[in-house]
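These notes concern the structure reproduced below.
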Amino acid sequence: MTRSLAAGDVLPERAFGPLTRTDFVRYQGASGDFNPIHHDEGFAQSAGFPTVFSVGMLQAGLLATYCTDQFGPENVRRFKVQFREQVWPDDVLTCRATVARVEDGLVHLDLVVTRQTGGTAVVGEASFSVSSVVGD
Amino acid sequence: MAVERGKVREFARATKSDAAEYLEDPQPPIPPTFLTTSTFWQPPEAAELWRVIDIDLRRLLHGEQEYVFPDGPPRAGMQLTAQTRVESVFEKEGKRGGAMTFVVTVTDFIDPDGTLVAQARSTAIETGRAPA
């Protein structure tokens, strides 16, 4: 695949969801984070929440999947997320990336995950090696 | 920690990836956030960190998470040693009043040759502490 990337390029977006409680539990099992606030309804309510909510690192992982599916799993060099709004059952998350700059064989991306409400769940940055993608 | 193929596959599926590189390769690269699974390999006393620096887990939020792979992601079959240190602890005034405490930890993932193959930086936030 040959593609040229330039600062300001907006990459195709991708939606995940609606997310289910099973998605949360599956991620918790895979990751080892068993905080009950993400799967135990009674626990979440006793902590003052209306129901269980997603694991931040699940949103981060979905954003990572969005990136690796475009640039290749072996090409990741840096991936950073900052958590904003919580994510709830039935949420649909949309991942978007903009090219911040391309230099020294790396593409640097600005990333955002939004909820169906328009609220921002995650913002992030990533760097991928594109020397094998772009050629030269 | 041992980077295991089955664990990589499980993690890739849980984060909704169906990339052949993760699911079919006998020595797949790890997904970008996979090293969060190092908690499975932590000794029980690792949880002591939060007590030692006097953080209340019930008010702890995950603020930021970063992974850096200087030469690309490690692959299944590799044996890594993880070492975590507290990089900084600082306070900021919360928007709704009350001081928030930020704790930045850094984990180095080292291969058997002593090469740094990955570094994780995590920012945890302890929200407003009730007056003593």
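Letters for chains follow the order of the structure tokens (A, B, ...), residue numbers begin at 1 for each chain, and ligand numbers begin at 1 in the order shown.
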
Next on the checklist: Please identify all residues of chain A having at least one atom at most 7 Å from any atom of chain B, considering only C-alpha atoms, and return them as a list of chain:residue names.
Outcome noted: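 Selected residues: A:Arg26, A:Tyr27, A:Ala30, A:Ser31, A:Gly32, A:Leu58, A:Gly61, A:Leu62, A:Ala64, A:Thr65, A:Asp69, A:Pro73, A:Glu74, A:Asn75, A:Val76, A:Arg77, A:Arg78, A:Phe79, A:Lys80, A:Val81, A:Gln82, A:Phe83.
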
Could you please take those selected residues and save N, CA and C atoms as an mmCIF file, in the first residue's frame?
data_model
loop_
_atom_site.group_PDB
_atom_site.id
_atom_site.type_symbol
_atom_site.label_atom_id
_atom_site.label_comp_id
_atom_site.auth_asym_id
_atom_site.auth_seq_id
_atom_site.Cartn_x
_atom_site.Cartn_y
_atom_site.Cartn_z
ATOM 1 N N ARG A 26 -15.372 -8.628 29.487
ATOM 2 C CA ARG A 26 -14.366 -9.293 28.659
ATOM 3 C C ARG A 26 -13.026 -8.549 28.730
ATOM 4 N N TYR A 27 -13.092 -7.219 28.696
ATOM 5 C CA TYR A 27 -11.855 -6.449 28.800
ATOM 6 C C TYR A 27 -11.224 -6.606 30.183
ATOM 7 N N ALA A 30 -9.393 -9.796 30.285
ATOM 8 C CA ALA A 30 -8.190 -9.771 29.452
ATOM 9 C C ALA A 30 -7.089 -8.934 30.092
ATOM 10 N N SER A 31 -7.497 -7.866 30.785
ATOM 11 C CA SER A 31 -6.495 -6.905 31.279
ATOM 12 C C SER A 31 -6.032 -7.187 32.700
ATOM 13 N N GLY A 32 -6.889 -7.816 33.505
ATOM 14 C CA GLY A 32 -6.527 -8.063 34.900
ATOM 15 C C GLY A 32 -6.999 -6.982 35.855
ATOM 16 N N LEU A 58 -10.332 0.325 28.363
ATOM 17 C CA LEU A 58 -11.027 -0.289 27.220
ATOM 18 C C LEU A 58 -11.159 0.729 26.089
ATOM 19 N N GLY A 61 -7.927 1.047 24.536
ATOM 20 C CA GLY A 61 -7.611 -0.114 23.709
ATOM 21 C C GLY A 61 -8.333 -0.082 22.371
ATOM 22 N N LEU A 62 -9.579 0.394 22.378
ATOM 23 C CA LEU A 62 -10.318 0.518 21.121
ATOM 24 C C LEU A 62 -9.664 1.561 20.216
ATOM 25 N N ALA A 64 -6.540 2.313 20.273
ATOM 26 C CA ALA A 64 -5.303 1.687 19.793
ATOM 27 C C ALA A 64 -5.595 0.766 18.610
ATOM 28 N N THR A 65 -6.698 0.017 18.695
ATOM 29 C CA THR A 65 -7.097 -0.861 17.586
ATOM 30 C C THR A 65 -7.372 -0.048 16.322
ATOM 31 N N ASP A 69 -4.976 -0.907 13.146
ATOM 32 C CA ASP A 69 -5.608 -1.426 11.934
ATOM 33 C C ASP A 69 -5.238 -0.581 10.708
ATOM 34 N N PRO A 73 0.222 -3.240 13.400
ATOM 35 C CA PRO A 73 0.554 -3.459 14.818
ATOM 36 C C PRO A 73 2.039 -3.286 15.131
ATOM 37 N N GLU A 74 2.908 -3.703 14.211
ATOM 38 C CA GLU A 74 4.346 -3.689 14.517
ATOM 39 C C GLU A 74 4.955 -2.297 14.389
ATOM 40 N N ASN A 75 4.165 -1.324 13.881
ATOM 41 C CA ASN A 75 4.723 0.009 13.617
ATOM 42 C C ASN A 75 4.519 1.010 14.745
ATOM 43 N N VAL A 76 3.836 0.623 15.827
ATOM 44 C CA VAL A 76 3.586 1.588 16.895
ATOM 45 C C VAL A 76 4.888 1.916 17.628
ATOM 46 N N ARG A 77 5.099 3.195 17.892
ATOM 47 C CA ARG A 77 6.267 3.637 18.661
ATOM 48 C C ARG A 77 5.855 4.383 19.929
ATOM 49 N N ARG A 78 4.678 4.990 19.912
ATOM 50 C CA ARG A 78 4.220 5.723 21.096
ATOM 51 C C ARG A 78 2.697 5.775 21.042
ATOM 52 N N PHE A 79 2.068 5.666 22.202
ATOM 53 C CA PHE A 79 0.614 5.762 22.279
ATOM 54 C C PHE A 79 0.264 6.367 23.629
ATOM 55 N N LYS A 80 -0.482 7.458 23.614
ATOM 56 C CA LYS A 80 -0.790 8.159 24.859
ATOM 57 C C LYS A 80 -2.260 8.553 24.884
ATOM 58 N N VAL A 81 -2.894 8.377 26.022
ATOM 59 C CA VAL A 81 -4.294 8.789 26.171
ATOM 60 C C VAL A 81 -4.484 9.600 27.440
ATOM 61 N N GLN A 82 -5.480 10.483 27.362
ATOM 62 C CA GLN A 82 -5.936 11.225 28.541
ATOM 63 C C GLN A 82 -7.441 10.984 28.642
ATOM 64 N N PHE A 83 -7.887 10.580 29.830
ATOM 65 C CA PHE A 83 -9.292 10.217 30.006
ATOM 66 C C PHE A 83 -10.124 11.444 30.362
#

Which parts of chain A does DSSP call strand (DSSP E or B) when run on the backbone here, written out as a PDB file with N, CA and C atoms, in the first residue's frame?
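Full text of result-v2.pdb as output:
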ATOM      1  N   VAL A  10      -7.042  14.330   7.667  1.00  0.00           N
ATOM      2  CA  VAL A  10      -8.021  13.705   8.561  1.00  0.00           C
ATOM      3  C   VAL A  10      -8.233  12.274   8.083  1.00  0.00           C
ATOM      4  N   ARG A  14     -13.935   5.666  12.709  1.00  0.00           N
ATOM      5  CA  ARG A  14     -14.451   4.321  12.926  1.00  0.00           C
ATOM      6  C   ARG A  14     -15.268   4.307  14.213  1.00  0.00           C
ATOM      7  N   ALA A  15     -16.406   3.649  14.168  1.00  0.00           N
ATOM      8  CA  ALA A  15     -17.277   3.572  15.343  1.00  0.00           C
ATOM      9  C   ALA A  15     -17.170   2.192  15.986  1.00  0.00           C
ATOM     10  N   PHE A  16     -17.251   2.162  17.320  1.00  0.00           N
ATOM     11  CA  PHE A  16     -17.308   0.923  18.090  1.00  0.00           C
ATOM     12  C   PHE A  16     -18.569   0.957  18.954  1.00  0.00           C
ATOM     13  N   VAL A  76       3.836   0.623  15.827  1.00  0.00           N
ATOM     14  CA  VAL A  76       3.586   1.588  16.895  1.00  0.00           C
ATOM     15  C   VAL A  76       4.888   1.916  17.628  1.00  0.00           C
ATOM     16  N   ARG A  77       5.099   3.195  17.892  1.00  0.00           N
ATOM     17  CA  ARG A  77       6.267   3.637  18.661  1.00  0.00           C
ATOM     18  C   ARG A  77       5.855   4.383  19.929  1.00  0.00           C
ATOM     19  N   ARG A  78       4.678   4.990  19.912  1.00  0.00           N
ATOM     20  CA  ARG A  78       4.220   5.723  21.096  1.00  0.00           C
ATOM     21  C   ARG A  78       2.697   5.775  21.042  1.00  0.00           C
ATOM     22  N   PHE A  79       2.068   5.666  22.202  1.00  0.00           N
ATOM     23  CA  PHE A  79       0.614   5.762  22.279  1.00  0.00           C
ATOM     24  C   PHE A  79       0.264   6.367  23.629  1.00  0.00           C
ATOM     25  N   LYS A  80      -0.482   7.458  23.614  1.00  0.00           N
ATOM     26  CA  LYS A  80      -0.790   8.159  24.859  1.00  0.00           C
ATOM     27  C   LYS A  80      -2.260   8.553  24.884  1.00  0.00           C
ATOM     28  N   VAL A  81      -2.894   8.377  26.022  1.00  0.00           N
ATOM     29  CA  VAL A  81      -4.294   8.789  26.171  1.00  0.00           C
ATOM     30  C   VAL A  81      -4.484   9.600  27.440  1.00  0.00           C
ATOM     31  N   GLN A  82      -5.480  10.483  27.362  1.00  0.00           N
ATOM     32  CA  GLN A  82      -5.936  11.225  28.541  1.00  0.00           C
ATOM     33  C   GLN A  82      -7.441  10.984  28.642  1.00  0.00           C
ATOM     34  N   PHE A  83      -7.887  10.580  29.830  1.00  0.00           N
ATOM     35  CA  PHE A  83      -9.292  10.217  30.006  1.00  0.00           C
ATOM     36  C   PHE A  83     -10.124  11.444  30.362  1.00  0.00           C
ATOM     37  N   LEU A  93     -18.937   4.668  20.486  1.00  0.00           N
ATOM     38  CA  LEU A  93     -17.740   5.506  20.488  1.00  0.00           C
ATOM     39  C   LEU A  93     -17.220   5.658  19.066  1.00  0.00           C
ATOM     40  N   THR A  94     -16.852   6.881  18.721  1.00  0.00           N
ATOM     41  CA  THR A  94     -16.278   7.138  17.401  1.00  0.00           C
ATOM     42  C   THR A  94     -14.839   7.612  17.559  1.00  0.00           C
ATOM     43  N   CYS A  95     -13.928   6.928  16.865  1.00  0.00           N
ATOM     44  CA  CYS A  95     -12.502   7.264  16.912  1.00  0.00           C
ATOM     45  C   CYS A  95     -12.137   8.085  15.685  1.00  0.00           C
ATOM     46  N   ARG A  96     -11.375   9.138  15.933  1.00  0.00           N
ATOM     47  CA  ARG A  96     -10.915   9.981  14.826  1.00  0.00           C
ATOM     48  C   ARG A  96      -9.436  10.301  15.003  1.00  0.00           C
ATOM     49  N   ALA A  97      -8.734  10.473  13.894  1.00  0.00           N
ATOM     50  CA  ALA A  97      -7.311  10.817  13.931  1.00  0.00           C
ATOM     51  C   ALA A  97      -7.013  11.892  12.899  1.00  0.00           C
ATOM     52  N   THR A  98      -6.143  12.810  13.299  1.00  0.00           N
ATOM     53  CA  THR A  98      -5.638  13.841  12.402  1.00  0.00           C
ATOM     54  C   THR A  98      -4.122  13.763  12.418  1.00  0.00           C
ATOM     55  N   VAL A  99      -3.511  13.905  11.263  1.00  0.00           N
ATOM     56  CA  VAL A  99      -2.049  13.888  11.201  1.00  0.00           C
ATOM     57  C   VAL A  99      -1.520  15.220  11.740  1.00  0.00           C
ATOM     58  N   ALA A 100      -0.724  15.137  12.816  1.00  0.00           N
ATOM     59  CA  ALA A 100      -0.127  16.351  13.392  1.00  0.00           C
ATOM     60  C   ALA A 100       1.116  16.734  12.608  1.00  0.00           C
ATOM     61  N   ARG A 101       1.970  15.743  12.323  1.00  0.00           N
ATOM     62  CA  ARG A 101       3.152  15.996  11.487  1.00  0.00           C
ATOM     63  C   ARG A 101       3.755  14.667  11.070  1.00  0.00           C
ATOM     64  N   VAL A 102       4.577  14.731  10.033  1.00  0.00           N
ATOM     65  CA  VAL A 102       5.303  13.552   9.544  1.00  0.00           C
ATOM     66  C   VAL A 102       6.772  13.934   9.504  1.00  0.00           C
ATOM     67  N   GLU A 103       7.587  13.187  10.233  1.00  0.00           N
ATOM     68  CA  GLU A 103       9.027  13.495  10.216  1.00  0.00           C
ATOM     69  C   GLU A 103       9.826  12.266  10.615  1.00  0.00           C
ATOM     70  N   LEU A 106       8.289   8.862  10.847  1.00  0.00           N
ATOM     71  CA  LEU A 106       7.193   8.653  11.803  1.00  0.00           C
ATOM     72  C   LEU A 106       6.030   9.564  11.454  1.00  0.00           C
ATOM     73  N   VAL A 107       4.815   9.028  11.619  1.00  0.00           N
ATOM     74  CA  VAL A 107       3.628   9.887  11.556  1.00  0.00           C
ATOM     75  C   VAL A 107       3.138  10.095  12.983  1.00  0.00           C
ATOM     76  N   HIS A 108       2.910  11.354  13.336  1.00  0.00           N
ATOM     77  CA  HIS A 108       2.404  11.702  14.659  1.00  0.00           C
ATOM     78  C   HIS A 108       0.930  12.078  14.525  1.00  0.00           C
ATOM     79  N   LEU A 109       0.096  11.419  15.296  1.00  0.00           N
ATOM     80  CA  LEU A 109      -1.356  11.579  15.179  1.00  0.00           C
ATOM     81  C   LEU A 109      -1.939  12.250  16.411  1.00  0.00           C
ATOM     82  N   ASP A 110      -2.934  13.102  16.187  1.00  0.00           N
ATOM     83  CA  ASP A 110      -3.788  13.589  17.274  1.00  0.00           C
ATOM     84  C   ASP A 110      -5.067  12.767  17.229  1.00  0.00           C
ATOM     85  N   LEU A 111      -5.470  12.253  18.383  1.00  0.00           N
ATOM     86  CA  LEU A 111      -6.571  11.295  18.435  1.00  0.00           C
ATOM     87  C   LEU A 111      -7.682  11.794  19.345  1.00  0.00           C
ATOM     88  N   VAL A 112      -8.911  11.388  19.019  1.00  0.00           N
ATOM     89  CA  VAL A 112     -10.030  11.707  19.906  1.00  0.00           C
ATOM     90  C   VAL A 112     -11.083  10.603  19.802  1.00  0.00           C
ATOM     91  N   VAL A 113     -11.687  10.304  20.943  1.00  0.00           N
ATOM     92  CA  VAL A 113     -12.813   9.368  20.997  1.00  0.00           C
ATOM     93  C   VAL A 113     -14.012  10.144  21.529  1.00  0.00           C
ATOM     94  N   THR A 114     -15.089  10.180  20.739  1.00  0.00           N
ATOM     95  CA  THR A 114     -16.285  10.879  21.187  1.00  0.00           C
ATOM     96  C   THR A 114     -17.426   9.898  21.420  1.00  0.00           C
ATOM     97  N   THR A 120     -16.587  14.188  24.813  1.00  0.00           N
ATOM     98  CA  THR A 120     -15.273  13.590  24.563  1.00  0.00           C
ATOM     99  C   THR A 120     -14.937  12.589  25.658  1.00  0.00           C
ATOM    100  N   ALA A 121     -14.681  11.348  25.258  1.00  0.00           N
ATOM    101  CA  ALA A 121     -14.323  10.306  26.219  1.00  0.00           C
ATOM    102  C   ALA A 121     -12.819  10.239  26.448  1.00  0.00           C
ATOM    103  N   VAL A 122     -12.068  10.370  25.356  1.00  0.00           N
ATOM    104  CA  VAL A 122     -10.607  10.223  25.412  1.00  0.00           C
ATOM    105  C   VAL A 122      -9.993  11.160  24.383  1.00  0.00           C
ATOM    106  N   VAL A 123      -8.894  11.791  24.744  1.00  0.00           N
ATOM    107  CA  VAL A 123      -8.038  12.413  23.735  1.00  0.00           C
ATOM    108  C   VAL A 123      -6.690  11.712  23.803  1.00  0.00           C
ATOM    109  N   GLY A 124      -5.972  11.707  22.687  1.00  0.00           N
ATOM    110  CA  GLY A 124      -4.705  10.983  22.690  1.00  0.00           C
ATOM    111  C   GLY A 124      -3.766  11.433  21.608  1.00  0.00           C
ATOM    112  N   GLU A 125      -2.589  10.834  21.650  1.00  0.00           N
ATOM    113  CA  GLU A 125      -1.564  11.055  20.634  1.00  0.00           C
ATOM    114  C   GLU A 125      -0.920   9.713  20.344  1.00  0.00           C
ATOM    115  N   ALA A 126      -0.473   9.530  19.103  1.00  0.00           N
ATOM    116  CA  ALA A 126       0.242   8.300  18.779  1.00  0.00           C
ATOM    117  C   ALA A 126       1.283   8.590  17.720  1.00  0.00           C
ATOM    118  N   SER A 127       2.319   7.779  17.736  1.00  0.00           N
ATOM    119  CA  SER A 127       3.347   7.857  16.704  1.00  0.00           C
ATOM    120  C   SER A 127       3.554   6.467  16.120  1.00  0.00           C
ATOM    121  N   PHE A 128       3.547   6.399  14.805  1.00  0.00           N
ATOM    122  CA  PHE A 128       3.751   5.135  14.104  1.00  0.00           C
ATOM    123  C   PHE A 128       4.872   5.296  13.084  1.00  0.00           C
ATOM    124  N   SER A 129       5.667   4.252  12.958  1.00  0.00           N
ATOM    125  CA  SER A 129       6.664   4.225  11.902  1.00  0.00           C
ATOM    126  C   SER A 129       5.946   4.033  10.567  1.00  0.00           C
TER     127      SER A 129
END

Item to check | Within 6 Å of Val92 of chain A using only C-alpha atoms, minus same-chain residues under 5 positions, as a ChimeraX atom specification | outcome: /A:16-18,115-116

Checklist entry - What does the distance from atom CA of Gly72 of chain A to atom CA of Leu19 of chain A come to in Å, to one decimal? => result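 A separation of 24.5 Å between them.
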
Checklist entry - Quick one: DSSP alpha helix (DSSP H) residues in segment 19-93 of chain A, as an MDAnalysis selection string? => result chainID A and resid 21:31 41:46 56:71

If you count only C-alpha atoms, which residues fall within 6 Å of Ile125 of chain B, apart from same-chain ones fewer than 2 positions away, as a CSV table (one decimal) with N, CA and C atoms, in the first residue's frame?
chain,number,residue,atom,x,y,z
B,60,LEU,N,-9.5,7.4,43.7
B,60,LEU,CA,-8.4,7.4,42.7
B,60,LEU,C,-9.0,7.2,41.3
B,61,LEU,N,-8.6,8.2,40.4
B,61,LEU,CA,-9.0,8.1,39.0
B,61,LEU,C,-7.8,7.9,38.1
B,101,THR,N,-4.6,15.4,44.0
B,101,THR,CA,-3.2,15.0,44.1
B,101,THR,C,-3.0,14.1,42.8
B,102,PHE,N,-1.9,14.5,42.1
B,102,PHE,CA,-1.5,13.8,40.9
B,102,PHE,C,-0.3,12.9,41.2

Item to check | Selected residue of minimal separation from Thr22 of chain A among A:Gln45, A:Thr68, A:Asp40, A:Ser4, counting only C-alpha atoms | outcome: A:Asp40

Item to check | Near-Lys95 of chain B list (12 Å; only C-alpha atoms; drop same-chain fewer than 4 positions) as a count of residues only | outcome: 4

Checklist entry - Smallest atom-to-atom distance to Leu49 of chain B: which of B:Thr107, B:Gln79, B:Thr84, B:Thr115, using only C-alpha atoms? => result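 Nearest to Leu49 of chain B: B:Thr84.
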